[in-house]
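A.B. asks: Coordinates in structure-v2.cif, mmCIF, C-alpha atoms, are listed below.
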```cif
data_target
loop_
_atom_site.group_PDB
_atom_site.id
_atom_site.type_symbol
_atom_site.label_atom_id
_atom_site.label_comp_id
_atom_site.auth_asym_id
_atom_site.auth_seq_id
_atom_site.Cartn_x
_atom_site.Cartn_y
_atom_site.Cartn_z
ATOM 1 C CA MET A 1 -35.509 19.388 -13.275
ATOM 2 C CA LYS A 2 -33.643 22.687 -12.836
ATOM 3 C CA SER A 3 -35.434 23.335 -9.541
ATOM 4 C CA VAL A 4 -34.456 19.884 -8.274
ATOM 5 C CA LEU A 5 -30.810 20.240 -9.292
ATOM 6 C CA GLY A 6 -30.719 23.689 -7.693
ATOM 7 C CA ASP A 7 -31.940 22.349 -4.362
ATOM 8 C CA ARG A 8 -29.047 21.223 -2.142
ATOM 9 C CA LYS A 9 -31.287 19.054 -0.002
ATOM 10 C CA ALA A 10 -32.606 17.266 -3.082
ATOM 11 C CA ILE A 11 -29.059 16.730 -4.387
ATOM 12 C CA THR A 12 -27.955 15.364 -1.009
ATOM 13 C CA LEU A 13 -30.965 13.044 -0.859
ATOM 14 C CA LEU A 14 -30.275 11.712 -4.349
ATOM 15 C CA LEU A 15 -26.556 11.170 -3.747
ATOM 16 C CA LEU A 16 -26.856 9.776 -0.227
ATOM 17 C CA PRO A 17 -27.612 6.110 -1.183
ATOM 18 C CA ALA A 18 -24.678 6.006 -3.602
ATOM 19 C CA LEU A 19 -22.373 7.608 -1.022
ATOM 20 C CA ILE A 20 -23.428 5.106 1.636
ATOM 21 C CA VAL A 21 -22.800 2.152 -0.684
ATOM 22 C CA TYR A 22 -19.445 3.577 -1.803
ATOM 23 C CA THR A 23 -18.394 4.182 1.802
ATOM 24 C CA LEU A 24 -19.314 0.686 2.931
ATOM 25 C CA ILE A 25 -17.818 -1.122 -0.069
ATOM 26 C CA MET A 26 -14.743 1.025 -0.778
ATOM 27 C CA LEU A 27 -13.739 3.411 1.990
ATOM 28 C CA VAL A 28 -14.382 1.221 5.024
ATOM 29 C CA PRO A 29 -12.334 -1.760 3.716
ATOM 30 C CA VAL A 30 -9.495 0.575 2.709
ATOM 31 C CA LEU A 31 -9.388 2.209 6.134
ATOM 32 C CA TRP A 32 -9.723 -1.174 7.833
ATOM 33 C CA SER A 33 -6.823 -2.562 5.784
ATOM 34 C CA PHE A 34 -4.692 0.463 6.650
ATOM 35 C CA GLY A 35 -5.450 -0.015 10.329
ATOM 36 C CA LEU A 36 -4.375 -3.661 10.147
ATOM 37 C CA THR A 37 -0.873 -2.589 9.098
ATOM 38 C CA PHE A 38 -0.202 -1.738 12.753
ATOM 39 C CA PHE A 39 -1.239 -5.189 14.004
ATOM 40 C CA SER A 40 -0.106 -8.806 13.668
ATOM 41 C CA GLY A 41 -2.183 -11.969 13.773
ATOM 42 C CA SER A 42 -5.471 -13.063 12.253
ATOM 43 C CA VAL A 43 -9.162 -13.367 13.001
ATOM 44 C CA LEU A 44 -8.682 -16.832 14.495
ATOM 45 C CA THR A 45 -5.618 -16.108 16.632
ATOM 46 C CA GLY A 46 -6.504 -12.532 17.464
ATOM 47 C CA PHE A 47 -4.743 -9.285 16.612
ATOM 48 C CA GLU A 48 -1.866 -7.789 18.559
ATOM 49 C CA TRP A 49 -0.545 -4.235 18.270
ATOM 50 C CA ASN A 50 2.988 -4.122 16.894
ATOM 51 C CA GLY A 51 3.400 -0.476 15.868
ATOM 52 C CA ILE A 52 5.558 -0.055 12.787
ATOM 53 C CA ASP A 53 7.078 -3.544 12.894
ATOM 54 C CA ASN A 54 5.277 -4.524 9.692
ATOM 55 C CA PHE A 55 6.813 -1.581 7.847
ATOM 56 C CA THR A 56 10.272 -2.453 9.180
ATOM 57 C CA ARG A 57 9.776 -6.026 8.061
ATOM 58 C CA LEU A 58 8.648 -4.821 4.637
ATOM 59 C CA LEU A 59 11.893 -2.918 4.097
ATOM 60 C CA SER A 60 14.056 -5.922 4.992
ATOM 61 C CA ASP A 61 12.001 -8.729 3.441
ATOM 62 C CA PRO A 62 13.939 -10.239 0.478
ATOM 63 C CA TYR A 63 10.757 -11.800 -0.917
ATOM 64 C CA VAL A 64 9.180 -8.356 -1.162
ATOM 65 C CA GLY A 65 12.224 -7.151 -3.087
ATOM 66 C CA ASP A 66 11.982 -10.040 -5.551
ATOM 67 C CA ALA A 67 8.224 -9.589 -5.951
ATOM 68 C CA LEU A 68 8.656 -5.835 -6.423
ATOM 69 C CA VAL A 69 11.282 -6.335 -9.155
ATOM 70 C CA PHE A 70 9.058 -8.829 -10.962
ATOM 71 C CA THR A 71 6.019 -6.549 -10.649
ATOM 72 C CA LEU A 72 7.822 -3.478 -11.993
ATOM 73 C CA LYS A 73 9.499 -5.416 -14.805
ATOM 74 C CA TYR A 74 6.204 -6.992 -15.808
ATOM 75 C CA ALA A 75 4.231 -3.747 -15.500
ATOM 76 C CA VAL A 76 6.619 -1.659 -17.611
ATOM 77 C CA LEU A 77 7.024 -4.234 -20.389
ATOM 78 C CA VAL A 78 3.364 -5.265 -20.639
ATOM 79 C CA THR A 79 2.116 -1.671 -20.445
ATOM 80 C CA ILE A 80 4.376 -0.559 -23.284
ATOM 81 C CA LEU A 81 3.415 -3.534 -25.447
ATOM 82 C CA GLN A 82 -0.305 -3.214 -24.707
ATOM 83 C CA VAL A 83 -0.522 0.484 -25.513
ATOM 84 C CA VAL A 84 1.897 0.525 -28.462
ATOM 85 C CA LEU A 85 0.376 -2.526 -30.151
ATOM 86 C CA GLY A 86 -3.105 -1.273 -29.310
ATOM 87 C CA TYR A 87 -2.244 2.064 -30.898
ATOM 88 C CA GLY A 88 -0.995 0.257 -33.988
ATOM 89 C CA LEU A 89 -4.240 -1.704 -34.200
ATOM 90 C CA ALA A 90 -6.255 1.498 -33.784
ATOM 91 C CA LEU A 91 -4.368 3.158 -36.651
ATOM 92 C CA LEU A 92 -5.023 0.053 -38.751
ATOM 93 C CA TYR A 93 -8.736 0.177 -37.954
ATOM 94 C CA GLN A 94 -9.093 3.891 -38.627
ATOM 95 C CA PHE A 95 -6.881 4.606 -41.621
ATOM 96 C CA VAL A 96 -6.419 1.262 -43.433
ATOM 97 C CA LEU A 97 -9.393 -1.030 -42.851
ATOM 98 C CA ARG A 98 -11.877 1.744 -42.108
ATOM 99 C CA ARG A 99 -15.473 0.452 -42.292
ATOM 100 C CA SER A 100 -14.347 -3.111 -42.981
ATOM 101 C CA SER A 101 -12.568 -3.265 -39.607
ATOM 102 C CA VAL A 102 -15.620 -4.489 -37.664
ATOM 103 C CA LEU A 103 -14.837 -8.181 -38.143
ATOM 104 C CA VAL A 104 -11.135 -7.709 -37.356
ATOM 105 C CA ARG A 105 -11.938 -5.675 -34.241
ATOM 106 C CA THR A 106 -14.332 -8.392 -33.055
ATOM 107 C CA LEU A 107 -11.807 -11.194 -33.564
ATOM 108 C CA VAL A 108 -8.943 -9.301 -31.902
ATOM 109 C CA PHE A 109 -11.180 -8.236 -28.995
ATOM 110 C CA PHE A 110 -12.514 -11.764 -28.405
ATOM 111 C CA PRO A 111 -9.692 -12.903 -26.015
ATOM 112 C CA VAL A 112 -10.608 -10.041 -23.658
ATOM 113 C CA VAL A 113 -13.894 -11.752 -22.718
ATOM 114 C CA LEU A 114 -12.414 -15.231 -22.279
ATOM 115 C CA PRO A 115 -11.903 -16.558 -18.714
ATOM 116 C CA THR A 116 -8.363 -16.177 -17.430
ATOM 117 C CA VAL A 117 -8.179 -19.818 -16.350
ATOM 118 C CA ALA A 118 -9.138 -20.992 -19.854
ATOM 119 C CA ILE A 119 -6.453 -18.804 -21.421
ATOM 120 C CA ALA A 120 -3.859 -20.038 -18.919
ATOM 121 C CA ILE A 121 -4.667 -23.681 -19.707
ATOM 122 C CA LEU A 122 -4.432 -22.902 -23.423
ATOM 123 C CA TYR A 123 -0.976 -21.365 -23.024
ATOM 124 C CA GLN A 124 0.183 -24.204 -20.801
ATOM 125 C CA LYS A 125 -0.642 -26.569 -23.651
ATOM 126 C CA ILE A 126 0.927 -24.321 -26.294
ATOM 127 C CA PHE A 127 4.215 -23.991 -24.367
ATOM 128 C CA GLN A 128 4.202 -27.499 -22.911
ATOM 129 C CA SER A 129 7.530 -29.336 -22.850
ATOM 130 C CA ALA A 130 6.856 -32.638 -21.088
ATOM 131 C CA PRO A 131 5.722 -35.315 -21.447
ATOM 132 C CA ASN A 132 4.605 -34.132 -24.891
ATOM 133 C CA ASP A 133 5.845 -31.002 -26.612
ATOM 134 C CA GLY A 134 3.354 -28.239 -27.216
ATOM 135 C CA LEU A 135 2.885 -26.243 -30.402
ATOM 136 C CA VAL A 136 5.826 -23.882 -29.795
ATOM 137 C CA ASN A 137 8.311 -26.656 -29.058
ATOM 138 C CA GLU A 138 7.061 -28.658 -32.041
ATOM 139 C CA LEU A 139 7.813 -25.671 -34.268
ATOM 140 C CA LEU A 140 11.272 -25.282 -32.717
ATOM 141 C CA VAL A 141 12.083 -28.951 -33.276
ATOM 142 C CA ASN A 142 10.832 -28.804 -36.880
ATOM 143 C CA VAL A 143 13.253 -25.971 -37.705
ATOM 144 C CA GLY A 144 16.186 -27.810 -36.148
ATOM 145 C CA LEU A 145 16.206 -26.259 -32.679
ATOM 146 C CA SER A 146 15.867 -27.985 -29.334
ATOM 147 C CA SER A 147 12.715 -27.805 -27.249
ATOM 148 C CA VAL A 148 12.591 -25.424 -24.294
ATOM 149 C CA ASP A 149 11.114 -25.993 -20.839
ATOM 150 C CA TRP A 150 9.207 -22.720 -21.017
ATOM 151 C CA LEU A 151 7.553 -22.912 -17.597
ATOM 152 C CA GLY A 152 10.558 -24.552 -15.921
ATOM 153 C CA SER A 153 12.665 -21.417 -15.421
ATOM 154 C CA GLY A 154 11.843 -17.916 -14.269
ATOM 155 C CA THR A 155 13.152 -16.192 -17.405
ATOM 156 C CA THR A 156 11.170 -18.226 -19.939
ATOM 157 C CA ALA A 157 8.078 -18.341 -17.700
ATOM 158 C CA PHE A 158 8.180 -14.544 -17.573
ATOM 159 C CA VAL A 159 8.215 -14.471 -21.389
ATOM 160 C CA VAL A 160 5.162 -16.757 -21.535
ATOM 161 C CA ILE A 161 3.262 -14.601 -19.023
ATOM 162 C CA VAL A 162 4.012 -11.428 -20.986
ATOM 163 C CA VAL A 163 3.002 -12.993 -24.309
ATOM 164 C CA MET A 164 -0.225 -14.356 -22.838
ATOM 165 C CA ASP A 165 -1.306 -11.130 -21.141
ATOM 166 C CA VAL A 166 -0.469 -8.947 -24.139
ATOM 167 C CA TRP A 167 -2.360 -11.310 -26.465
ATOM 168 C CA ARG A 168 -5.470 -11.332 -24.274
ATOM 169 C CA SER A 169 -5.613 -7.576 -23.650
ATOM 170 C CA VAL A 170 -4.265 -5.834 -26.768
ATOM 171 C CA GLY A 171 -7.711 -5.954 -28.389
ATOM 172 C CA PHE A 172 -9.145 -3.860 -25.571
ATOM 173 C CA TYR A 173 -6.531 -1.130 -25.981
ATOM 174 C CA GLY A 174 -6.969 -1.244 -29.751
ATOM 175 C CA VAL A 175 -10.672 -0.458 -29.336
ATOM 176 C CA LEU A 176 -9.983 2.097 -26.590
ATOM 177 C CA VAL A 177 -7.508 4.084 -28.675
ATOM 178 C CA PHE A 178 -9.681 3.638 -31.780
ATOM 179 C CA SER A 179 -12.517 5.422 -29.969
ATOM 180 C CA GLY A 180 -10.150 8.346 -29.419
ATOM 181 C CA LEU A 181 -9.024 8.426 -33.058
ATOM 182 C CA LEU A 182 -12.653 8.716 -34.134
ATOM 183 C CA ASP A 183 -12.731 12.173 -32.513
ATOM 184 C CA ILE A 184 -10.036 13.496 -34.878
ATOM 185 C CA PRO A 185 -11.937 15.549 -37.509
ATOM 186 C CA ASP A 186 -11.600 14.169 -41.028
ATOM 187 C CA GLU A 187 -11.373 17.753 -42.340
ATOM 188 C CA ILE A 188 -8.053 18.329 -40.562
ATOM 189 C CA VAL A 189 -6.546 15.134 -41.951
ATOM 190 C CA GLU A 190 -7.770 15.841 -45.479
ATOM 191 C CA SER A 191 -6.521 19.445 -45.336
ATOM 192 C CA ALA A 192 -3.072 18.232 -44.302
ATOM 193 C CA ARG A 193 -3.040 15.774 -47.182
ATOM 194 C CA ILE A 194 -4.047 18.456 -49.641
ATOM 195 C CA ASP A 195 -1.230 20.644 -48.323
ATOM 196 C CA GLY A 196 1.199 17.863 -49.212
ATOM 197 C CA ALA A 197 1.708 16.162 -45.849
ATOM 198 C CA LYS A 198 3.125 12.672 -46.295
ATOM 199 C CA THR A 199 2.154 9.698 -44.157
ATOM 200 C CA PHE A 200 4.899 10.124 -41.545
ATOM 201 C CA SER A 201 4.440 13.916 -41.287
ATOM 202 C CA LEU A 202 0.683 13.467 -41.005
ATOM 203 C CA PHE A 203 1.133 10.980 -38.173
ATOM 204 C CA ARG A 204 3.808 12.976 -36.341
ATOM 205 C CA HIS A 205 2.267 16.450 -36.488
ATOM 206 C CA ILE A 206 -1.482 15.784 -36.476
ATOM 207 C CA ILE A 207 -2.600 12.273 -35.547
ATOM 208 C CA LEU A 208 -0.165 11.633 -32.687
ATOM 209 C CA PRO A 209 -0.611 15.019 -30.916
ATOM 210 C CA MET A 210 -4.404 14.812 -31.177
ATOM 211 C CA SER A 211 -4.445 11.253 -29.826
ATOM 212 C CA LEU A 212 -2.229 11.963 -26.807
ATOM 213 C CA PRO A 213 -5.162 12.300 -24.338
ATOM 214 C CA ILE A 214 -6.480 8.818 -25.101
ATOM 215 C CA LEU A 215 -2.925 7.441 -25.039
ATOM 216 C CA PHE A 216 -2.345 8.853 -21.552
ATOM 217 C CA ALA A 217 -5.669 7.365 -20.425
ATOM 218 C CA SER A 218 -4.599 4.020 -21.883
ATOM 219 C CA PHE A 219 -1.288 4.167 -20.022
ATOM 220 C CA ILE A 220 -3.112 4.849 -16.747
ATOM 221 C CA PHE A 221 -5.521 1.947 -17.293
ATOM 222 C CA SER A 222 -2.704 -0.383 -18.291
ATOM 223 C CA ILE A 223 -0.106 0.452 -15.644
ATOM 224 C CA ASN A 224 -2.619 0.233 -12.803
ATOM 225 C CA GLY A 225 -3.852 -3.103 -14.099
ATOM 226 C CA THR A 226 -0.405 -4.585 -14.618
ATOM 227 C CA ILE A 227 0.890 -3.490 -11.217
ATOM 228 C CA LYS A 228 -2.059 -5.371 -9.689
ATOM 229 C CA VAL A 229 -1.599 -8.491 -11.850
ATOM 230 C CA PHE A 230 -2.757 -11.623 -10.063
ATOM 231 C CA ASP A 231 -5.134 -13.963 -11.860
ATOM 232 C CA SER A 232 -3.069 -14.671 -14.977
ATOM 233 C CA VAL A 233 0.124 -15.420 -13.013
ATOM 234 C CA PHE A 234 -1.745 -17.488 -10.435
ATOM 235 C CA ALA A 235 -3.486 -19.555 -13.132
ATOM 236 C CA LEU A 236 -0.454 -20.044 -15.393
ATOM 237 C CA THR A 237 2.553 -20.541 -13.100
ATOM 238 C CA GLY A 238 1.276 -20.187 -9.528
ATOM 239 C CA GLY A 239 4.201 -17.833 -8.937
ATOM 240 C CA GLY A 240 6.775 -20.488 -9.842
ATOM 241 C CA PRO A 241 9.112 -21.991 -10.477
ATOM 242 C CA GLY A 242 10.021 -21.197 -6.889
ATOM 243 C CA ASN A 243 9.126 -17.527 -6.383
ATOM 244 C CA SER A 244 10.563 -16.319 -9.698
ATOM 245 C CA THR A 245 7.202 -15.177 -11.129
ATOM 246 C CA THR A 246 5.552 -14.050 -7.895
ATOM 247 C CA PRO A 247 4.152 -10.487 -8.074
ATOM 248 C CA LEU A 248 3.340 -8.408 -5.030
ATOM 249 C CA THR A 249 -0.357 -9.257 -5.272
ATOM 250 C CA LEU A 250 0.313 -12.999 -5.095
ATOM 251 C CA TYR A 251 2.763 -12.558 -2.217
ATOM 252 C CA MET A 252 0.152 -10.461 -0.419
ATOM 253 C CA TYR A 253 -2.473 -13.153 -1.009
ATOM 254 C CA ARG A 254 -0.230 -15.904 0.356
ATOM 255 C CA THR A 255 0.788 -13.843 3.375
ATOM 256 C CA ALA A 256 -2.753 -12.893 4.349
ATOM 257 C CA PHE A 257 -4.836 -15.919 3.403
ATOM 258 C CA GLN A 258 -2.421 -18.866 3.417
ATOM 259 C CA TYR A 259 -0.190 -17.820 6.327
ATOM 260 C CA SER A 260 -2.975 -15.860 8.130
ATOM 261 C CA ASP A 261 -0.780 -12.806 8.683
ATOM 262 C CA PHE A 262 -3.339 -10.140 7.859
ATOM 263 C CA GLY A 263 -1.289 -7.283 9.254
ATOM 264 C CA TYR A 264 1.725 -7.871 7.048
ATOM 265 C CA GLY A 265 -0.514 -8.690 4.083
ATOM 266 C CA SER A 266 -2.234 -5.326 4.530
ATOM 267 C CA THR A 267 1.182 -3.656 4.611
ATOM 268 C CA ILE A 268 2.022 -5.188 1.234
ATOM 269 C CA ALA A 269 -1.380 -4.038 -0.048
ATOM 270 C CA LEU A 270 -0.557 -0.504 1.128
ATOM 271 C CA LEU A 271 2.698 -0.664 -0.840
ATOM 272 C CA LEU A 272 0.713 -1.590 -3.970
ATOM 273 C CA THR A 273 -1.700 1.288 -3.382
ATOM 274 C CA VAL A 274 1.134 3.787 -3.028
ATOM 275 C CA MET A 275 2.773 2.456 -6.201
ATOM 276 C CA CYS A 276 -0.432 2.858 -8.225
ATOM 277 C CA LEU A 277 -0.952 6.362 -6.828
ATOM 278 C CA LEU A 278 2.596 7.509 -7.612
ATOM 279 C CA VAL A 279 2.525 6.103 -11.143
ATOM 280 C CA THR A 280 -0.838 7.726 -11.874
ATOM 281 C CA LEU A 281 0.361 11.092 -10.545
ATOM 282 C CA ALA A 282 3.531 10.829 -12.648
ATOM 283 C CA ILE A 283 1.499 10.185 -15.810
ATOM 284 C CA PHE A 284 -0.845 13.084 -15.034
ATOM 285 C CA ARG A 285 2.086 15.439 -14.458
ATOM 286 C CA SER A 286 3.655 14.290 -17.698
ATOM 287 C CA SER A 287 0.445 14.898 -19.627
ATOM 288 C CA ARG A 288 0.063 18.375 -18.090
ATOM 289 C CA ARG A 289 3.634 19.216 -19.045
ATOM 290 C CA ASP A 290 3.022 18.111 -22.637
ATOM 291 C CA ASN A 291 -0.156 20.154 -22.860
ATOM 292 C CA THR A 292 1.622 23.315 -21.745
ATOM 293 C CA VAL A 293 4.556 23.004 -24.135
#
```
Spit out the file's structure as structure tokens when you get a sec.
C.D. replies:
Amino acid sequence: MKSVLGDRKAITLLLLPALIVYTLIMLVPVLWSFGLTFFSGSVLTGFEWNGIDNFTRLLSDPYVGDALVFTLKYAVLVTILQVVLGYGLALLYQFVLRRSSVLVRTLVFFPVVLPTVAIAILYQKIFQSAPNDGLVNELLVNVGLSSVDWLGSGTTAFVVIVVMDVWRSVGFYGVLVFSGLLDIPDEIVESARIDGAKTFSLFRHIILPMSLPILFASFIFSINGTIKVFDSVFALTGGGPGNSTTPLTLYMYRTAFQYSDFGYGSTIALLLTVMCLLVTLAIFRSSRRDNTV
């Protein structure tokens, strides 16, 4: 084995199939999409060179501005809720429920494996307002409040989307952070308790600092996923009412595949890629700064 791993030709031969597949599936489409940003048209009508017109249009497109605001607002709020609630669940699993947390972890994780369309239909029924009130409106009426058309306005529809996506994904981040908490040695925690550390001091000075790496990883997973949100919004609201819940991914999809403007759709996709890259770099720089303090 050592002789094989020390042979550059053998290493190249072993890695070559994976590199070819990765290049064809990942790199070629990315480069092709970037090249389309300098063209207009579609496969059926043909492509025409337009230079940087797509980028100029991107800067002046009001729909892009609205979609960008929705995407950033959604990404920040859902990321914070996913990671914070997931961290709370992980602490519950590790330090309260301990070995009896298997059943709770399974139940909380279950929504992660459910189809997005099924979850969207469930939440449409829960927040339904007409012709029959759903569960939420029934509860509001029973306590003396009026029913709300949850999916009829952008503000309330945004609330429903956030609640749905946090509910379906918080179990994943609970398990993810829990796996990181398992690496904290029990001897350190017990020594701190023997030295008189109370619950808050133990969390602030030992548990939180030692769980920062997995928290940063969770933030990266979450923010990149929420910036690219598509399926849950498409299944629940379709981007409506109007364009009030349309993220950049859905606007890109409509531009490229409904309006057959592949060049401008690729430009929007490039904007999403740059956003994900900048956010990831910012989190990495933040984590490096914390590690050097």
A.B. asks: I'd like the contact shell of A:Leu250 - 8 Å cut-off, all atoms listed in the file, skipping same-chain residues fewer than 6 positions apart - returned as an mmCIF file with C-alpha atoms, keeping the file's coordinate frame.
C.D. replies:
```
data_model
loop_
_atom_site.group_PDB
_atom_site.id
_atom_site.type_symbol
_atom_site.label_atom_id
_atom_site.label_comp_id
_atom_site.auth_asym_id
_atom_site.auth_seq_id
_atom_site.Cartn_x
_atom_site.Cartn_y
_atom_site.Cartn_z
ATOM 1 C CA PHE A 230 -2.757 -11.623 -10.063
ATOM 2 C CA PHE A 234 -1.745 -17.488 -10.435
ATOM 3 C CA GLY A 239 4.201 -17.833 -8.937
#
```
A.B. asks: Please produce, as a tab-separated table, a per-residue contact table for stretch 215-234 of chain A versus stretch 171-190 of chain A (criterion: any atom at most 12 Å away, all atoms listed in the file considered), showing the nearest atom pair and its distance in Å to one decimal, sorted by chain then residue number.
C.D. replies:
```
residue	atom	partner	partner_atom	distance
A:Leu215	CA	A:Val177	CA	6.7
A:Phe216	CA	A:Val177	CA	10.0
A:Ala217	CA	A:Val177	CA	9.1
A:Ser218	CA	A:Tyr173	CA	6.9
A:Phe219	CA	A:Tyr173	CA	9.5
A:Ile220	CA	A:Tyr173	CA	11.5
A:Phe221	CA	A:Tyr173	CA	9.3
A:Ser222	CA	A:Tyr173	CA	8.6
```
A.B. asks: Do a neighbour search on stretch 25-33 of chain A at 8 Å with all atoms listed in the file, toss out local chain neighbours closer than 4 positions, and write the hits as a list of chain:residue names.
C.D. replies: A:Val21, A:Thr37, A:Ser266
A.B. asks: Pick from A:Thr23, A:Thr45, A:Thr106, A:Thr226: nearest to A:Gln82, with only C-alpha atoms counted?
C.D. replies: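 Going through A:Thr23, A:Thr45, A:Thr106, A:Thr226 one by one, the smallest distance to A:Gln82 is for A:Thr226.
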A.B. asks: Hey, which of A:Val163, A:Thr199, A:Thr246, A:Asp231 ends up closest to A:Leu77? Count all atoms listed in the file.
C.D. replies: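 Closest candidate: A:Val163.
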A.B. asks: Set the distance at 12 Å and use only C-alpha atoms: which residues neighbour A:Glu138 once local chain neighbours fewer than 2 positions away are removed? I'd like the list as number ranges by chain.
C.D. replies: A: 125-130, 132-136, 140-148
A.B. asks: Which one of A:Tyr22, A:Gly35, A:Leu13, A:Ala120 sits closest to A:Phe262 if you count only C-alpha atoms?
C.D. replies: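 Of A:Tyr22, A:Gly35, A:Leu13, A:Ala120, the one nearest A:Phe262 is A:Gly35, counting only C-alpha atoms.
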A.B. asks: If the PyMOL selection byres ((chain A and resi 267) around 10) is run on the structure shown, which residues does it catch, given as a PyMOL selection string?
C.D. replies: chain A and resi 33-39+52+54-55+57-58+252+262-266+268-273
A.B. asks: Next, the residues of the selection above should be written as a PDB file, in the frame of the given file with C-alpha atoms.
C.D. replies:
```pdb
ATOM      1  CA  SER A  33      -6.823  -2.562   5.784  1.00  0.00           C
ATOM      2  CA  PHE A  34      -4.692   0.463   6.650  1.00  0.00           C
ATOM      3  CA  GLY A  35      -5.450  -0.015  10.329  1.00  0.00           C
ATOM      4  CA  LEU A  36      -4.375  -3.661  10.147  1.00  0.00           C
ATOM      5  CA  THR A  37      -0.873  -2.589   9.098  1.00  0.00           C
ATOM      6  CA  PHE A  38      -0.202  -1.738  12.753  1.00  0.00           C
ATOM      7  CA  PHE A  39      -1.239  -5.189  14.004  1.00  0.00           C
ATOM      8  CA  ILE A  52       5.558  -0.055  12.787  1.00  0.00           C
ATOM      9  CA  ASN A  54       5.277  -4.524   9.692  1.00  0.00           C
ATOM     10  CA  PHE A  55       6.813  -1.581   7.847  1.00  0.00           C
ATOM     11  CA  ARG A  57       9.776  -6.026   8.061  1.00  0.00           C
ATOM     12  CA  LEU A  58       8.648  -4.821   4.637  1.00  0.00           C
ATOM     13  CA  MET A 252       0.152 -10.461  -0.419  1.00  0.00           C
ATOM     14  CA  PHE A 262      -3.339 -10.140   7.859  1.00  0.00           C
ATOM     15  CA  GLY A 263      -1.289  -7.283   9.254  1.00  0.00           C
ATOM     16  CA  TYR A 264       1.725  -7.871   7.048  1.00  0.00           C
ATOM     17  CA  GLY A 265      -0.514  -8.690   4.083  1.00  0.00           C
ATOM     18  CA  SER A 266      -2.234  -5.326   4.530  1.00  0.00           C
ATOM     19  CA  ILE A 268       2.022  -5.188   1.234  1.00  0.00           C
ATOM     20  CA  ALA A 269      -1.380  -4.038  -0.048  1.00  0.00           C
ATOM     21  CA  LEU A 270      -0.557  -0.504   1.128  1.00  0.00           C
ATOM     22  CA  LEU A 271       2.698  -0.664  -0.840  1.00  0.00           C
ATOM     23  CA  LEU A 272       0.713  -1.590  -3.970  1.00  0.00           C
ATOM     24  CA  THR A 273      -1.700   1.288  -3.382  1.00  0.00           C
TER      25      THR A 273
END
```
A.B. asks: So, counting only C-alpha atoms, which residue among A:Val84, A:Leu89, A:Val170, A:Ala10 is closest to A:Phe109?
C.D. replies: A:Val170
A.B. asks: Figure out the distance between atom CA of A:Phe257 and atom CA of A:Gly41, please, to one decimal in Å.
C.D. replies: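 Interatomic distance here is 11.4 Å.
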A.B. asks: Using all atoms listed in the file, pick whichever of A:Leu139, A:Leu24, A:Leu248, A:Leu44 has the shortest atom-to-atom distance to A:Gly65.
C.D. replies: A:Leu248
A.B. asks: Pull out every residue that the PyMOL selection byres ((chain A and resi 70-75) around 9) matches in the shown coordinates and put them as a PDB file with C-alpha atoms, in the frame of the given file.
C.D. replies:
```pdb
ATOM      1  CA  GLY A  65      12.224  -7.151  -3.087  1.00  0.00           C
ATOM      2  CA  ASP A  66      11.982 -10.040  -5.551  1.00  0.00           C
ATOM      3  CA  ALA A  67       8.224  -9.589  -5.951  1.00  0.00           C
ATOM      4  CA  LEU A  68       8.656  -5.835  -6.423  1.00  0.00           C
ATOM      5  CA  VAL A  69      11.282  -6.335  -9.155  1.00  0.00           C
ATOM      6  CA  VAL A  76       6.619  -1.659 -17.611  1.00  0.00           C
ATOM      7  CA  LEU A  77       7.024  -4.234 -20.389  1.00  0.00           C
ATOM      8  CA  VAL A  78       3.364  -5.265 -20.639  1.00  0.00           C
ATOM      9  CA  THR A  79       2.116  -1.671 -20.445  1.00  0.00           C
ATOM     10  CA  ILE A  80       4.376  -0.559 -23.284  1.00  0.00           C
ATOM     11  CA  PHE A 158       8.180 -14.544 -17.573  1.00  0.00           C
ATOM     12  CA  ILE A 161       3.262 -14.601 -19.023  1.00  0.00           C
ATOM     13  CA  VAL A 162       4.012 -11.428 -20.986  1.00  0.00           C
ATOM     14  CA  SER A 222      -2.704  -0.383 -18.291  1.00  0.00           C
ATOM     15  CA  ILE A 223      -0.106   0.452 -15.644  1.00  0.00           C
ATOM     16  CA  ASN A 224      -2.619   0.233 -12.803  1.00  0.00           C
ATOM     17  CA  GLY A 225      -3.852  -3.103 -14.099  1.00  0.00           C
ATOM     18  CA  THR A 226      -0.405  -4.585 -14.618  1.00  0.00           C
ATOM     19  CA  ILE A 227       0.890  -3.490 -11.217  1.00  0.00           C
ATOM     20  CA  LYS A 228      -2.059  -5.371  -9.689  1.00  0.00           C
ATOM     21  CA  VAL A 229      -1.599  -8.491 -11.850  1.00  0.00           C
ATOM     22  CA  SER A 244      10.563 -16.319  -9.698  1.00  0.00           C
ATOM     23  CA  THR A 245       7.202 -15.177 -11.129  1.00  0.00           C
ATOM     24  CA  THR A 246       5.552 -14.050  -7.895  1.00  0.00           C
ATOM     25  CA  PRO A 247       4.152 -10.487  -8.074  1.00  0.00           C
ATOM     26  CA  LEU A 248       3.340  -8.408  -5.030  1.00  0.00           C
ATOM     27  CA  THR A 249      -0.357  -9.257  -5.272  1.00  0.00           C
TER      28      THR A 249
END
```
A.B. asks: Nearest to A:Leu114: which of A:Ser169, A:Leu19, A:Phe47, A:Ser260 is it, counting all atoms listed in the file?
C.D. replies: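 Using all atoms listed in the file, the shortest distance to A:Leu114 belongs to A:Ser169.
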